[in-house]
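Q: For reference, this is coords_27.tsv, and it has TSV, C-alpha atoms and all ligand atoms.
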```
chain	number	residue	atom	x	y	z
A	292	MET	CA	0.00	0.00	0.00
A	293	GLY	CA	1.41	3.38	-1.03
A	294	ALA	CA	2.19	5.97	1.59
A	295	ILE	CA	0.36	9.30	1.65
A	296	ALA	CA	2.89	12.15	1.59
A	297	PRO	CA	2.44	15.92	1.46
A	298	ALA	CA	3.15	17.03	-2.13
A	299	ASP	CA	6.43	18.82	-1.31
A	300	ALA	CA	9.60	18.90	-3.42
A	301	THR	CA	10.99	15.68	-1.90
A	302	ALA	CA	7.80	13.70	-2.48
A	303	ILE	CA	7.45	15.06	-6.02
A	304	ALA	CA	11.01	14.00	-6.89
A	305	ARG	CA	10.28	10.54	-5.50
A	306	ALA	CA	7.01	10.38	-7.45
A	307	ALA	CA	8.83	11.23	-10.70
A	308	MET	CA	11.32	8.44	-10.05
A	309	LEU	CA	8.60	5.89	-9.27
A	310	LEU	CA	6.70	6.86	-12.43
A	311	SER	CA	9.80	6.40	-14.56
A	312	GLN	CA	10.05	2.87	-13.12
A	313	GLY	CA	6.52	2.09	-14.34
A	314	GLU	CA	4.80	2.59	-10.98
A	315	LEU	CA	1.42	4.29	-10.43
A	316	VAL	CA	1.18	7.47	-8.33
A	317	VAL	CA	-1.87	9.39	-7.10
A	318	ILE	CA	-1.47	13.06	-7.98
A	319	PRO	CA	-3.38	16.23	-7.10
A	320	THR	CA	-4.94	18.37	-9.82
A	321	GLU	CA	-7.25	21.38	-9.58
A	322	THR	CA	-10.23	19.22	-10.65
A	323	VAL	CA	-9.97	15.80	-8.97
A	324	TYR	CA	-7.12	13.52	-7.88
A	325	GLY	CA	-5.64	11.45	-10.70
A	326	LEU	CA	-3.94	8.05	-10.80
A	327	ALA	CA	-0.88	8.76	-12.92
A	328	ALA	CA	1.31	6.51	-15.06
A	329	ASP	CA	3.95	7.10	-17.71
A	330	ALA	CA	1.80	7.69	-20.81
A	331	THR	CA	4.52	6.31	-23.08
A	332	ASP	CA	4.82	2.96	-21.25
A	333	PRO	CA	2.21	0.41	-22.38
A	334	ARG	CA	2.97	-1.87	-19.41
A	335	ALA	CA	2.30	0.89	-16.90
A	336	ILE	CA	-0.86	1.84	-18.82
A	337	ALA	CA	-2.08	-1.76	-18.87
A	338	ARG	CA	-1.68	-1.87	-15.09
A	339	LEU	CA	-3.55	1.41	-14.78
A	340	TYR	CA	-6.56	0.03	-16.69
A	341	ALA	CA	-6.44	-3.16	-14.62
A	342	VAL	CA	-6.38	-1.51	-11.20
A	343	LYS	CA	-9.09	0.97	-12.15
A	344	GLY	CA	-11.23	-1.89	-13.44
A	345	ARG	CA	-11.67	0.30	-16.49
A	346	PRO	CA	-13.18	-0.97	-19.72
A	347	SER	CA	-10.21	-1.04	-22.05
A	348	PHE	CA	-12.08	0.93	-24.71
A	349	ASN	CA	-12.17	3.99	-22.48
A	350	PRO	CA	-9.05	6.04	-23.32
A	351	LEU	CA	-7.04	8.16	-20.90
A	352	ILE	CA	-6.12	11.84	-20.73
A	353	ALA	CA	-2.39	12.53	-21.23
A	354	HIS	CA	-1.33	15.38	-18.93
A	355	VAL	CA	1.34	17.69	-20.31
A	356	ARG	CA	3.05	20.87	-19.18
A	357	GLY	CA	1.60	23.03	-21.92
A	358	ARG	CA	1.01	23.77	-25.56
A	359	ALA	CA	4.48	22.84	-26.86
A	360	GLU	CA	4.28	19.36	-25.32
A	361	ALA	CA	0.73	18.94	-26.63
A	362	ALA	CA	1.85	19.85	-30.15
A	363	GLU	CA	4.33	16.94	-30.03
A	364	GLN	CA	1.42	14.53	-29.52
A	365	ALA	CA	-1.43	15.92	-31.61
A	366	LEU	CA	-2.34	17.89	-34.71
A	367	LEU	CA	-3.85	21.04	-33.25
A	368	HIS	CA	-6.25	22.98	-35.45
A	369	PRO	CA	-6.29	26.78	-34.84
A	370	ARG	CA	-9.61	26.32	-33.06
A	371	ALA	CA	-7.93	23.92	-30.62
A	372	LEU	CA	-5.01	26.31	-30.22
A	373	ALA	CA	-7.38	29.18	-29.40
A	374	LEU	CA	-8.95	27.10	-26.61
A	375	ILE	CA	-5.51	26.11	-25.34
A	376	GLU	CA	-4.38	29.73	-25.38
A	377	ALA	CA	-7.45	30.80	-23.40
A	378	PHE	CA	-7.74	28.02	-20.84
A	379	TRP	CA	-4.34	26.33	-20.27
A	380	PRO	CA	-3.03	25.58	-17.83
A	381	GLY	CA	-6.45	24.65	-16.50
A	382	PRO	CA	-9.44	22.29	-16.47
A	383	LEU	CA	-9.79	21.86	-20.25
A	384	THR	CA	-9.01	18.64	-22.12
A	385	ILE	CA	-8.56	18.77	-25.89
A	386	VAL	CA	-9.10	15.64	-27.98
A	387	ALA	CA	-7.31	15.93	-31.33
A	388	PRO	CA	-5.85	13.66	-34.04
A	389	ARG	CA	-2.68	11.88	-32.89
A	390	ARG	CA	0.47	13.05	-34.58
A	391	PRO	CA	2.38	10.26	-36.36
A	392	GLY	CA	5.24	9.24	-34.09
A	393	ALA	CA	3.54	10.60	-30.95
A	394	SER	CA	5.09	9.20	-27.77
A	395	VAL	CA	1.80	8.64	-25.89
A	396	CYS	CA	1.25	4.92	-26.39
A	397	GLU	CA	-1.67	3.54	-28.37
A	398	LEU	CA	-3.03	1.69	-25.37
A	399	ALA	CA	-3.47	5.02	-23.51
A	400	CYS	CA	-5.57	6.16	-26.50
A	401	ALA	CA	-7.42	2.81	-26.53
A	402	GLY	CA	-6.39	2.39	-30.14
A	403	LEU	CA	-8.26	5.52	-31.30
A	404	PRO	CA	-6.69	7.81	-33.91
A	405	THR	CA	-7.10	10.68	-31.43
A	406	VAL	CA	-5.40	11.66	-28.16
A	407	ALA	CA	-6.78	13.57	-25.16
A	408	LEU	CA	-4.47	16.24	-23.72
A	409	ARG	CA	-4.66	18.51	-20.71
A	410	ALA	CA	-2.21	20.86	-19.01
A	411	PRO	CA	-3.30	20.99	-15.36
A	412	ALA	CA	-2.97	24.28	-13.47
A	413	HIS	CA	-2.26	22.69	-10.08
A	414	PRO	CA	1.27	23.66	-9.00
A	415	GLY	CA	1.92	20.16	-7.62
A	416	ALA	CA	0.89	18.56	-10.92
A	417	GLN	CA	2.99	21.05	-12.90
A	418	ALA	CA	6.03	20.44	-10.67
A	419	LEU	CA	5.63	16.70	-11.14
A	420	LEU	CA	5.32	17.00	-14.93
A	421	ALA	CA	8.49	19.13	-14.96
A	422	ALA	CA	10.37	16.62	-12.79
A	423	PHE	CA	9.14	13.63	-14.79
A	424	GLY	CA	9.81	15.26	-18.15
A	425	GLY	CA	7.10	13.55	-20.21
A	426	PRO	CA	3.34	13.04	-20.56
A	427	LEU	CA	1.45	11.38	-17.70
A	428	ALA	CA	-1.77	9.48	-18.28
A	429	ALA	CA	-4.08	10.12	-15.34
A	430	PRO	CA	-7.69	9.09	-15.03
A	431	SER	CA	-9.55	10.16	-11.91
A	432	ALA	CA	-8.15	8.11	-9.00
A	433	ASN	CA	-11.31	6.09	-8.34
A	434	ARG	CA	-12.29	2.60	-9.36
A	435	SER	CA	-14.17	2.68	-12.65
A	436	GLY	CA	-17.77	3.81	-12.25
A	437	ARG	CA	-17.35	5.17	-8.71
A	438	LEU	CA	-17.22	8.71	-7.37
A	439	SER	CA	-14.23	10.81	-8.36
A	440	PRO	CA	-11.86	11.62	-5.47
A	441	THR	CA	-11.50	15.23	-4.36
A	442	HIS	CA	-9.37	14.42	-1.28
A	443	ALA	CA	-6.20	12.29	-1.11
A	444	ALA	CA	-7.92	10.06	1.45
A	445	HIS	CA	-10.70	9.22	-1.07
A	446	ALA	CA	-8.09	8.09	-3.58
A	447	ALA	CA	-6.33	6.05	-0.90
A	448	GLU	CA	-9.63	4.34	-0.05
A	449	ASP	CA	-10.28	3.31	-3.66
A	450	LEU	CA	-6.81	2.70	-5.09
A	451	GLY	CA	-4.32	2.95	-2.23
A	452	GLU	CA	-3.27	-0.67	-2.72
A	453	ALA	CA	-2.23	-0.07	-6.31
A	454	ALA	CA	-0.43	3.25	-5.96
A	455	ALA	CA	3.24	3.32	-5.00
A	456	LEU	CA	2.76	6.82	-3.55
A	457	ILE	CA	-0.13	9.21	-2.90
A	458	LEU	CA	0.69	12.92	-3.14
A	459	ASP	CA	-1.56	14.89	-0.80
A	460	ALA	CA	-2.20	18.55	-1.60
A	461	GLY	CA	-5.46	18.98	0.29
A	462	PRO	CA	-8.95	19.19	-1.21
A	463	CYS	CA	-9.23	19.87	-4.96
A	464	ALA	CA	-10.26	23.45	-5.67
A	465	LEU	CA	-12.74	22.74	-8.48
A	466	GLY	CA	-14.14	19.29	-7.67
A	467	VAL	CA	-15.51	18.33	-11.09
A	468	GLU	CA	-13.44	16.95	-13.93
A	469	SER	CA	-12.13	18.97	-16.85
A	470	SER	CA	-14.37	20.00	-19.73
A	471	ILE	CA	-13.52	17.90	-22.81
A	472	VAL	CA	-13.68	19.36	-26.31
A	473	ALA	CA	-12.79	17.33	-29.41
A	474	VAL	CA	-11.46	19.36	-32.33
A	475	THR	CA	-11.11	17.42	-35.57
A	476	GLY	CA	-8.43	18.00	-38.17
A	477	ALA	CA	-10.98	20.05	-40.12
A	478	GLY	CA	-11.76	22.18	-37.05
A	479	GLU	CA	-15.17	20.80	-36.10
A	480	ALA	CA	-15.54	21.17	-32.34
A	481	LEU	CA	-17.64	18.89	-30.12
A	482	LEU	CA	-18.22	19.14	-26.38
A	483	LEU	CA	-17.58	15.56	-25.20
A	484	ARG	CA	-17.95	16.24	-21.49
A	485	ALA	CA	-19.37	19.25	-19.67
A	486	GLY	CA	-16.87	20.04	-16.96
A	487	ALA	CA	-15.17	22.61	-14.79
A	488	ILE	CA	-15.28	25.36	-17.43
A	489	GLU	CA	-18.76	26.63	-18.20
A	490	SER	CA	-19.69	25.75	-21.78
A	491	GLY	CA	-20.57	29.38	-22.49
A	492	ARG	CA	-16.98	30.42	-21.75
A	493	LEU	CA	-15.67	27.73	-24.13
A	494	GLU	CA	-18.08	28.85	-26.85
A	495	ALA	CA	-17.04	32.47	-26.40
A	496	VAL	CA	-13.58	31.38	-27.56
A	497	ALA	CA	-14.27	28.48	-29.95
A	498	GLY	CA	-17.69	29.37	-31.32
A	499	PRO	CA	-20.72	27.05	-31.03
A	500	LEU	CA	-19.88	23.51	-29.87
A	501	ALA	CA	-21.82	20.48	-31.01
A	502	ARG	CA	-22.87	18.23	-28.13
A	503	ALA	CA	-21.95	14.54	-27.96
A	504	SER	CA	-25.04	12.38	-27.70
A	505	ALA	CA	-25.48	9.10	-25.85
A	506	GLY	CA	-25.59	7.22	-29.15
A	507	ASP	CA	-22.01	8.26	-29.94
A	508	PRO	CA	-20.17	5.44	-28.19
A	509	VAL	CA	-16.70	5.69	-29.57
A	510	ARG	CA	-16.38	9.42	-29.94
A	511	ALA	CA	-17.23	9.86	-26.28
A	512	PRO	CA	-16.45	6.57	-24.60
A	513	GLY	CA	-16.46	8.13	-21.15
A	514	MET	CA	-20.09	9.05	-21.61
A	515	LEU	CA	-21.04	5.60	-20.32
A	516	ALA	CA	-24.51	6.17	-18.97
A	517	ARG	CA	-23.89	4.82	-15.50
A	518	HIS	CA	-20.84	6.45	-14.05
A	519	TYR	CA	-19.68	8.32	-10.96
A	520	ALA	CA	-21.97	6.17	-8.87
A	521	PRO	CA	-22.29	5.95	-5.10
A	522	ARG	CA	-23.59	2.72	-3.50
A	523	ALA	CA	-26.82	4.34	-2.37
A	524	ARG	CA	-29.68	4.88	-4.82
A	525	LEU	CA	-29.97	8.49	-6.01
A	526	ARG	CA	-33.20	10.39	-6.52
A	527	LEU	CA	-32.75	13.70	-8.33
A	528	ASP	CA	-34.71	16.96	-8.38
A	529	ALA	CA	-36.17	16.13	-4.99
A	530	ASP	CA	-37.90	18.97	-3.16
A	531	ARG	CA	-37.67	17.06	0.11
A	532	PRO	CA	-36.44	13.63	1.30
A	533	GLU	CA	-38.78	10.64	1.67
A	534	PRO	CA	-38.55	8.70	4.94
A	535	GLY	CA	-35.25	6.78	5.06
A	536	GLU	CA	-33.51	8.96	2.49
A	537	ALA	CA	-30.59	11.27	3.21
A	538	TYR	CA	-31.06	14.73	1.71
A	539	LEU	CA	-28.35	16.54	-0.23
A	540	ALA	CA	-29.54	20.13	-0.32
A	541	PHE	CA	-28.62	23.17	-2.39
A	542	GLY	CA	-29.23	26.83	-1.57
A	543	ALA	CA	-31.74	27.81	1.11
A	544	ARG	CA	-33.15	24.28	1.61
A	545	ALA	CA	-32.10	22.41	4.77
A	546	GLY	CA	-30.56	18.95	4.39
A	547	ASP	CA	-28.16	16.41	5.88
A	548	LEU	CA	-25.50	18.16	3.81
A	549	ASN	CA	-25.74	21.21	1.59
A	550	LEU	CA	-23.75	21.56	-1.64
A	551	SER	CA	-23.80	25.33	-1.35
A	552	PRO	CA	-25.98	27.14	1.19
A	553	ALA	CA	-25.30	30.33	-0.80
A	554	GLY	CA	-26.55	28.67	-4.02
A	555	ASP	CA	-23.16	29.08	-5.72
A	556	PRO	CA	-22.64	26.44	-8.48
A	557	GLY	CA	-18.83	26.69	-8.15
A	558	GLU	CA	-18.99	25.86	-4.45
A	559	ALA	CA	-21.48	23.08	-5.22
A	560	ALA	CA	-19.13	21.56	-7.81
A	561	ALA	CA	-16.24	21.59	-5.34
A	562	ASN	CA	-18.39	19.81	-2.71
A	563	LEU	CA	-20.27	17.40	-5.00
A	564	PHE	CA	-18.22	14.20	-4.85
A	565	ALA	CA	-17.11	14.63	-1.21
A	566	HIS	CA	-20.69	15.18	-0.02
A	567	LEU	CA	-22.03	12.21	-2.02
A	568	ARG	CA	-19.22	10.10	-0.59
A	569	ALA	CA	-19.96	11.23	2.98
A	570	LEU	CA	-23.70	10.49	2.69
A	571	ASP	CA	-22.93	7.14	1.03
A	572	ALA	CA	-20.55	6.24	3.87
A	573	SER	CA	-23.33	6.84	6.40
A	574	GLY	CA	-24.96	3.67	5.00
A	575	VAL	CA	-28.31	5.15	3.90
A	576	PRO	CA	-30.09	3.14	1.16
A	577	ALA	CA	-30.98	6.26	-0.83
A	578	ILE	CA	-29.93	9.87	-1.25
A	579	ALA	CA	-32.39	12.50	-2.46
A	580	VAL	CA	-30.75	15.46	-4.18
A	581	ALA	CA	-32.29	18.93	-4.37
A	582	PRO	CA	-32.81	20.51	-7.80
A	583	ILE	CA	-29.64	22.20	-9.07
A	584	PRO	CA	-30.16	25.01	-11.60
A	585	GLU	CA	-28.71	24.10	-15.01
A	586	ALA	CA	-26.96	27.49	-15.39
A	587	GLY	CA	-23.15	27.74	-15.43
A	588	LEU	CA	-21.42	24.82	-13.73
A	589	GLY	CA	-24.88	23.39	-13.00
A	590	GLU	CA	-24.59	21.68	-16.41
A	591	ALA	CA	-21.56	19.64	-15.29
A	592	ILE	CA	-23.04	18.94	-11.84
A	593	ASN	CA	-26.35	17.71	-13.29
A	594	ASP	CA	-24.50	15.60	-15.85
A	595	ARG	CA	-22.57	13.82	-13.06
A	596	LEU	CA	-25.73	13.40	-10.98
A	597	ARG	CA	-27.72	11.91	-13.88
A	598	ARG	CA	-24.95	9.40	-14.55
A	599	ALA	CA	-24.74	8.50	-10.87
A	600	ALA	CA	-28.51	7.93	-10.76
A	601	GLU	CA	-28.71	5.92	-13.99
A	602	GLY	CA	-30.05	2.37	-13.93
A	603	ARG	CA	-30.90	2.24	-10.21
A	701	LIG	O1	-10.18	16.65	-14.67
A	701	LIG	C1	-9.87	15.63	-15.29
A	701	LIG	O2	-9.96	15.53	-16.52
A	701	LIG	C2	-9.31	14.45	-14.47
A	701	LIG	C3	-7.98	14.86	-13.85
A	701	LIG	C4	-7.30	13.74	-13.13
A	701	LIG	O3	-7.15	15.44	-14.83
A	701	LIG	N1	-9.18	13.28	-15.27
A	701	LIG	C5	-10.24	12.57	-15.71
A	701	LIG	O4	-9.90	11.44	-16.42
A	701	LIG	O5	-11.39	12.91	-15.50
A	701	LIG	P1	-10.92	10.26	-16.72
A	701	LIG	O6	-10.08	9.17	-17.25
A	701	LIG	O7	-11.74	9.96	-15.53
A	701	LIG	O8	-11.82	10.82	-17.88
A	701	LIG	C6	-11.26	10.93	-19.18
A	701	LIG	C7	-12.35	11.07	-20.20
A	701	LIG	C8	-13.10	9.79	-20.42
A	701	LIG	O9	-14.49	10.09	-20.47
A	701	LIG	C9	-12.61	9.33	-21.79
A	701	LIG	O10	-13.58	8.61	-22.49
A	701	LIG	C10	-12.32	10.65	-22.47
A	701	LIG	O11	-11.75	11.43	-21.44
A	701	LIG	N2	-11.32	10.51	-23.53
A	701	LIG	C11	-10.00	10.28	-23.41
A	701	LIG	N3	-9.41	10.14	-24.61
A	701	LIG	C12	-10.37	10.33	-25.53
A	701	LIG	C13	-10.40	10.30	-26.94
A	701	LIG	N4	-9.31	10.06	-27.66
A	701	LIG	N5	-11.59	10.51	-27.56
A	701	LIG	C14	-12.71	10.74	-26.83
A	701	LIG	N6	-12.74	10.78	-25.48
A	701	LIG	C15	-11.60	10.56	-24.84
A	702	MG	MG	-13.27	9.43	-14.12
```
In C-alpha cells, write the structure found in this file.
A:
Amino acid sequence: MGAIAPADATAIARAAMLLSQGELVVIPTETVYGLAADATDPRAIARLYAVKGRPSFNPLIAHVRGRAEAAEQALLHPRALALIEAFWPGPLTIVAPRRPGASVCELACAGLPTVALRAPAHPGAQALLAAFGGPLAAPSANRSGRLSPTHAAHAAEDLGEAAALILDAGPCALGVESSIVAVTGAGEALLLRAGAIESGRLEAVAGPLARASAGDPVRAPGMLARHYAPRARLRLDADRPEPGEAYLAFGARAGDLNLSPAGDPGEAAANLFAHLRALDASGVPAIAVAPIPEAGLGEAINDRLRRAAEGR
C-alpha cells in the first residue's frame, strides 16, 4: 500500500522516479485527484486500466506541461489552439488527431486515432510534470464507475493498494473533472464532457460547440450512462427527502449536507463528490438530491448526478 505524503519537493522528486520505473502514483490536480502513469509505457498503462477496473475501450487523458508538449502529440487545429491559449493551464481537455510518431502509447488512447491532452494548473501537478519530463496518463483516481476523489484520502480508499505513492495537496479546488472538447483536423468542435469550465466560456472562444449524444459510443467513450456512482440509490430533483432517504440540499433548503448554502454552483461543484461520498458512507439506502439550476457549472453537476442515478 502506497504511503500518503504531502506534495512537497521531496515527495514530487520521489514520485517522478517511481513513475519512470513504471509505478502508479496518485497526484493532485485542480479538478480531482488522478492516478498517474507514464503515458509512453504500455505496461504501466495496462496496469492502470487493470487496477481501475476500467473498460479497455475507455481512453485516458495525457497530462502535459503546456502547448508545446501537446503539439508533439497531436495535430492542433487553430480552433484547438485558441482554446488552449485561453484556458491552459487549466481544467480543459482537448481531444485531437494523434500526430504520427507521438510518444503517448496507443493503449493510452485505446487504439483511437485521437489523443486527449490537458495541461493541469495545479502547482503540484505542474512540478511533477516538470520533474518527470514527459506526458502522464491520469484518469480520476477512483475505481471505474465510482465517485471521483477530491481528497487524497478518497483516492487512498479506492486505489491505495495499487499506488506506490499518494501525493496529498489537500482538497481539490474545483471538484468536477475537466471540460472535454474534441477538435477534428478540419476544425469541427464537439463538447464531449461538460466540466469545470462553463460551456458558455468555451463557446465564447471556440464558437458554437456540437454536443456529444449518448448514441455516440466511440467518440465519447467516457459518456457511459452509469458512471460516478455511489452505492446508495440516487433520486434527483427532490424537493424534500422521503422517509429513510438522506437529503443533499442546495441553496436555502435544509438537508443532511448542503452543496452550497449560498446557491453558488462553483462551491457546489467543489463539494459534490465529497458530499455524495460522505452520505454514502453513512450507509443510507438512498440519497435525495435537491434541484440544481442548469446554469453555469450546473450543467456539469447535473451531468454527473444523472450518470450517478442511472439504472438504479
Ligand atoms: O479533470 C480531469 O480531466 C481528471 C484529472 C485527473 O485530470 N481526469 C479525468 O480522467 O477525468 P478520466 O479518465 O476519468 O476521464 C477521461 C475522459 C473519459 O471520459 C474518456 O472517455 C475521455 O476522457 N477521452 C480520453 N481520450 C479520448 C479520446 N481520444 N476521444 C474521446 N474521449 C476521450
Ligand atoms: Mg473518471
Q: To one decimal in Å, tell me the separation between CA of Ile295 (chain A) and CA of Leu351 (chain A).
A: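 Here the two named atoms are 23.8 Å from each other.
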Q: Could you state the separation of CA of Asp332 (chain A) and CA of Glu360 (chain A) in Å, given to one decimal place?
A: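 Between CA of Asp332 (chain A) and CA of Glu360 (chain A) the gap is 16.9 Å.
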Q: Can you tell me which residues sit at most 9 Å away from ligand MG 702 (chain A), counting all atoms listed in the file, written as JSON, numbers by chain?
A: {"A": [323, 325, 430, 431, 432, 433, 434, 435, 436, 437, 438, 439, 468, 513, 518, 519]}
Q: Within 8 Å of ligand LIG 701 (chain A) (counting all atoms listed in the file), which residues show up? I'd like them as a PyMOL selection string.
A: chain A and resi 318-326+349-352+354+382-384+386-387+399-401+403-409+411+429-432+439+467-471+473+483-484+486-487+509-515
Q: Figure out the distance between CA of Ile488 (chain A) and CA of Val395 (chain A), please, to one decimal in Å.
A: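 CA of Ile488 (chain A) lies at a distance of 25.4 Å from CA of Val395 (chain A).
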Q: I'd like to know which of A:Ala586, A:Ala304, A:Leu525, A:Leu367 is closest to Gly476 (chain A), using all atoms listed in the file.
A: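 Among the listed residues, A:Leu367 lies closest to Gly476 (chain A).
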Q: Which residues are close to Arg526 (chain A), i.e. within 10 Å by only C-alpha atoms, leaving aside same-chain residues fewer than 3 positions away? Reply as a PDB file with C-alpha atoms, in the frame of the given file.
A:
```pdb
ATOM      1  CA  ALA A 523     -26.820   4.340  -2.370  1.00  0.00           C
ATOM      2  CA  ALA A 529     -36.170  16.130  -4.990  1.00  0.00           C
ATOM      3  CA  PRO A 532     -36.440  13.630   1.300  1.00  0.00           C
ATOM      4  CA  GLU A 533     -38.780  10.640   1.670  1.00  0.00           C
ATOM      5  CA  GLU A 536     -33.510   8.960   2.490  1.00  0.00           C
ATOM      6  CA  TYR A 538     -31.060  14.730   1.710  1.00  0.00           C
ATOM      7  CA  ALA A 577     -30.980   6.260  -0.830  1.00  0.00           C
ATOM      8  CA  ILE A 578     -29.930   9.870  -1.250  1.00  0.00           C
ATOM      9  CA  ALA A 579     -32.390  12.500  -2.460  1.00  0.00           C
ATOM     10  CA  VAL A 580     -30.750  15.460  -4.180  1.00  0.00           C
ATOM     11  CA  ALA A 581     -32.290  18.930  -4.370  1.00  0.00           C
ATOM     12  CA  LEU A 596     -25.730  13.400 -10.980  1.00  0.00           C
ATOM     13  CA  ARG A 597     -27.720  11.910 -13.880  1.00  0.00           C
ATOM     14  CA  ALA A 599     -24.740   8.500 -10.870  1.00  0.00           C
ATOM     15  CA  ALA A 600     -28.510   7.930 -10.760  1.00  0.00           C
ATOM     16  CA  GLU A 601     -28.710   5.920 -13.990  1.00  0.00           C
ATOM     17  CA  ARG A 603     -30.900   2.240 -10.210  1.00  0.00           C
TER      18      ARG A 603
END
```
Q: If you count only C-alpha atoms, which residues fall within 10 Å of Gly424 (chain A), apart from same-chain ones fewer than 4 positions away, as a list in words?
A: Ala307, Ser311, Val355, Arg356, Glu360, Ala418, Leu419 and Leu420 of chain A
Q: Quick one: residues within 6 Å of Ala327 (chain A), all atoms listed in the file, excluding same-chain residues fewer than 4 positions away - as a PyMOL selection string?
A: chain A and resi 315-317+427-429
Q: Take the residues from that selection and write them out as a PDB file, in the coordinates of the input, keeping C-alpha atoms.
A:
```
ATOM      1  CA  LEU A 315       1.420   4.290 -10.430  1.00  0.00           C
ATOM      2  CA  VAL A 316       1.180   7.470  -8.330  1.00  0.00           C
ATOM      3  CA  VAL A 317      -1.870   9.390  -7.100  1.00  0.00           C
ATOM      4  CA  LEU A 427       1.450  11.380 -17.700  1.00  0.00           C
ATOM      5  CA  ALA A 428      -1.770   9.480 -18.280  1.00  0.00           C
ATOM      6  CA  ALA A 429      -4.080  10.120 -15.340  1.00  0.00           C
TER       7      ALA A 429
END
```
Q: Please determine, counting all atoms listed in the file, which residue among A:Asn562, A:Gly392, A:Ala412, A:Glu448 has the shortest atom-to-atom distance to Pro462 (chain A).
A: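 When distances to Pro462 (chain A) are compared using all atoms listed in the file, the smallest one comes from A:Asn562.
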Q: Which residue gives the smallest distance to Arg370 (chain A) among A:Ala294, A:Leu539, A:Ala545, A:Ala477, with only C-alpha atoms counted?
A: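 Of the candidates, the smallest distance to Arg370 (chain A) is held by A:Ala477.
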Q: Can you work out which one of A:Pro380, A:His413, A:Gly293, A:Val474 has the shortest atom-to-atom distance to Ala444 (chain A), counting all atoms listed in the file?
A: A:Gly293
Q: Find, counting only C-alpha atoms, the residue in A:Ala328, A:Ala416, A:Ile583, A:Ala560 that gets nearest to Ala454 (chain A).
A: A:Ala328
Q: Using all atoms listed in the file, can you tell me which of A:Ala569, A:Leu500, A:Pro534, A:Gly466 comes closest to Ile592 (chain A)?
A: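 Nearest candidate to Ile592 (chain A) out of A:Ala569, A:Leu500, A:Pro534, A:Gly466: A:Gly466.
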Q: Leaving out Gly557 (chain A) and any residue of its chain fewer than 3 positions from it, which residues lie within 8 Å of it when counting only C-alpha atoms, given as a count of residues only?
A: 4
Q: Complete the atom set of region 320-331 of chain A to N, CA, C and O atoms and return it as a JSON list (two decimals), keeping the file's coordinate frame.
A:
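Below is the file rebuild-v3.json, written as the result:
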```
[["chain", "number", "residue", "atom", "x", "y", "z"],
["A", 320, "THR", "N", -4.74, 17.38, -8.76],
["A", 320, "THR", "CA", -4.94, 18.37, -9.82],
["A", 320, "THR", "C", -5.99, 19.34, -9.30],
["A", 320, "THR", "O", -6.60, 19.10, -8.24],
["A", 321, "GLU", "N", -6.25, 20.40, -10.03],
["A", 321, "GLU", "CA", -7.25, 21.38, -9.58],
["A", 321, "GLU", "C", -8.67, 20.84, -9.70],
["A", 321, "GLU", "O", -9.58, 21.38, -9.08],
["A", 322, "THR", "N", -8.87, 19.75, -10.47],
["A", 322, "THR", "CA", -10.23, 19.22, -10.65],
["A", 322, "THR", "C", -10.50, 18.10, -9.65],
["A", 322, "THR", "O", -11.30, 18.25, -8.73],
["A", 323, "VAL", "N", -9.85, 16.96, -9.87],
["A", 323, "VAL", "CA", -9.97, 15.80, -8.97],
["A", 323, "VAL", "C", -8.58, 15.15, -8.91],
["A", 323, "VAL", "O", -7.72, 15.45, -9.73],
["A", 324, "TYR", "N", -8.38, 14.26, -7.93],
["A", 324, "TYR", "CA", -7.12, 13.52, -7.88],
["A", 324, "TYR", "C", -7.05, 12.55, -9.05],
["A", 324, "TYR", "O", -8.07, 11.99, -9.47],
["A", 325, "GLY", "N", -5.84, 12.37, -9.59],
["A", 325, "GLY", "CA", -5.64, 11.45, -10.70],
["A", 325, "GLY", "C", -4.73, 10.31, -10.29],
["A", 325, "GLY", "O", -3.92, 10.43, -9.36],
["A", 326, "LEU", "N", -4.88, 9.16, -10.99],
["A", 326, "LEU", "CA", -3.94, 8.05, -10.80],
["A", 326, "LEU", "C", -3.02, 8.06, -12.02],
["A", 326, "LEU", "O", -3.44, 7.75, -13.12],
["A", 327, "ALA", "N", -1.77, 8.48, -11.79],
["A", 327, "ALA", "CA", -0.88, 8.76, -12.92],
["A", 327, "ALA", "C", 0.02, 7.58, -13.25],
["A", 327, "ALA", "O", 0.41, 6.79, -12.38],
["A", 328, "ALA", "N", 0.34, 7.48, -14.55],
["A", 328, "ALA", "CA", 1.31, 6.51, -15.06],
["A", 328, "ALA", "C", 2.01, 7.15, -16.25],
["A", 328, "ALA", "O", 1.48, 8.07, -16.88],
["A", 329, "ASP", "N", 3.21, 6.65, -16.53],
["A", 329, "ASP", "CA", 3.95, 7.10, -17.71],
["A", 329, "ASP", "C", 3.13, 6.81, -18.97],
["A", 329, "ASP", "O", 2.89, 5.65, -19.30],
["A", 330, "ALA", "N", 2.70, 7.86, -19.67],
["A", 330, "ALA", "CA", 1.80, 7.69, -20.81],
["A", 330, "ALA", "C", 2.48, 7.02, -21.99],
["A", 330, "ALA", "O", 1.80, 6.58, -22.92],
["A", 331, "THR", "N", 3.80, 6.92, -21.95],
["A", 331, "THR", "CA", 4.52, 6.31, -23.08],
["A", 331, "THR", "C", 4.83, 4.84, -22.83],
["A", 331, "THR", "O", 5.42, 4.18, -23.67]]
```
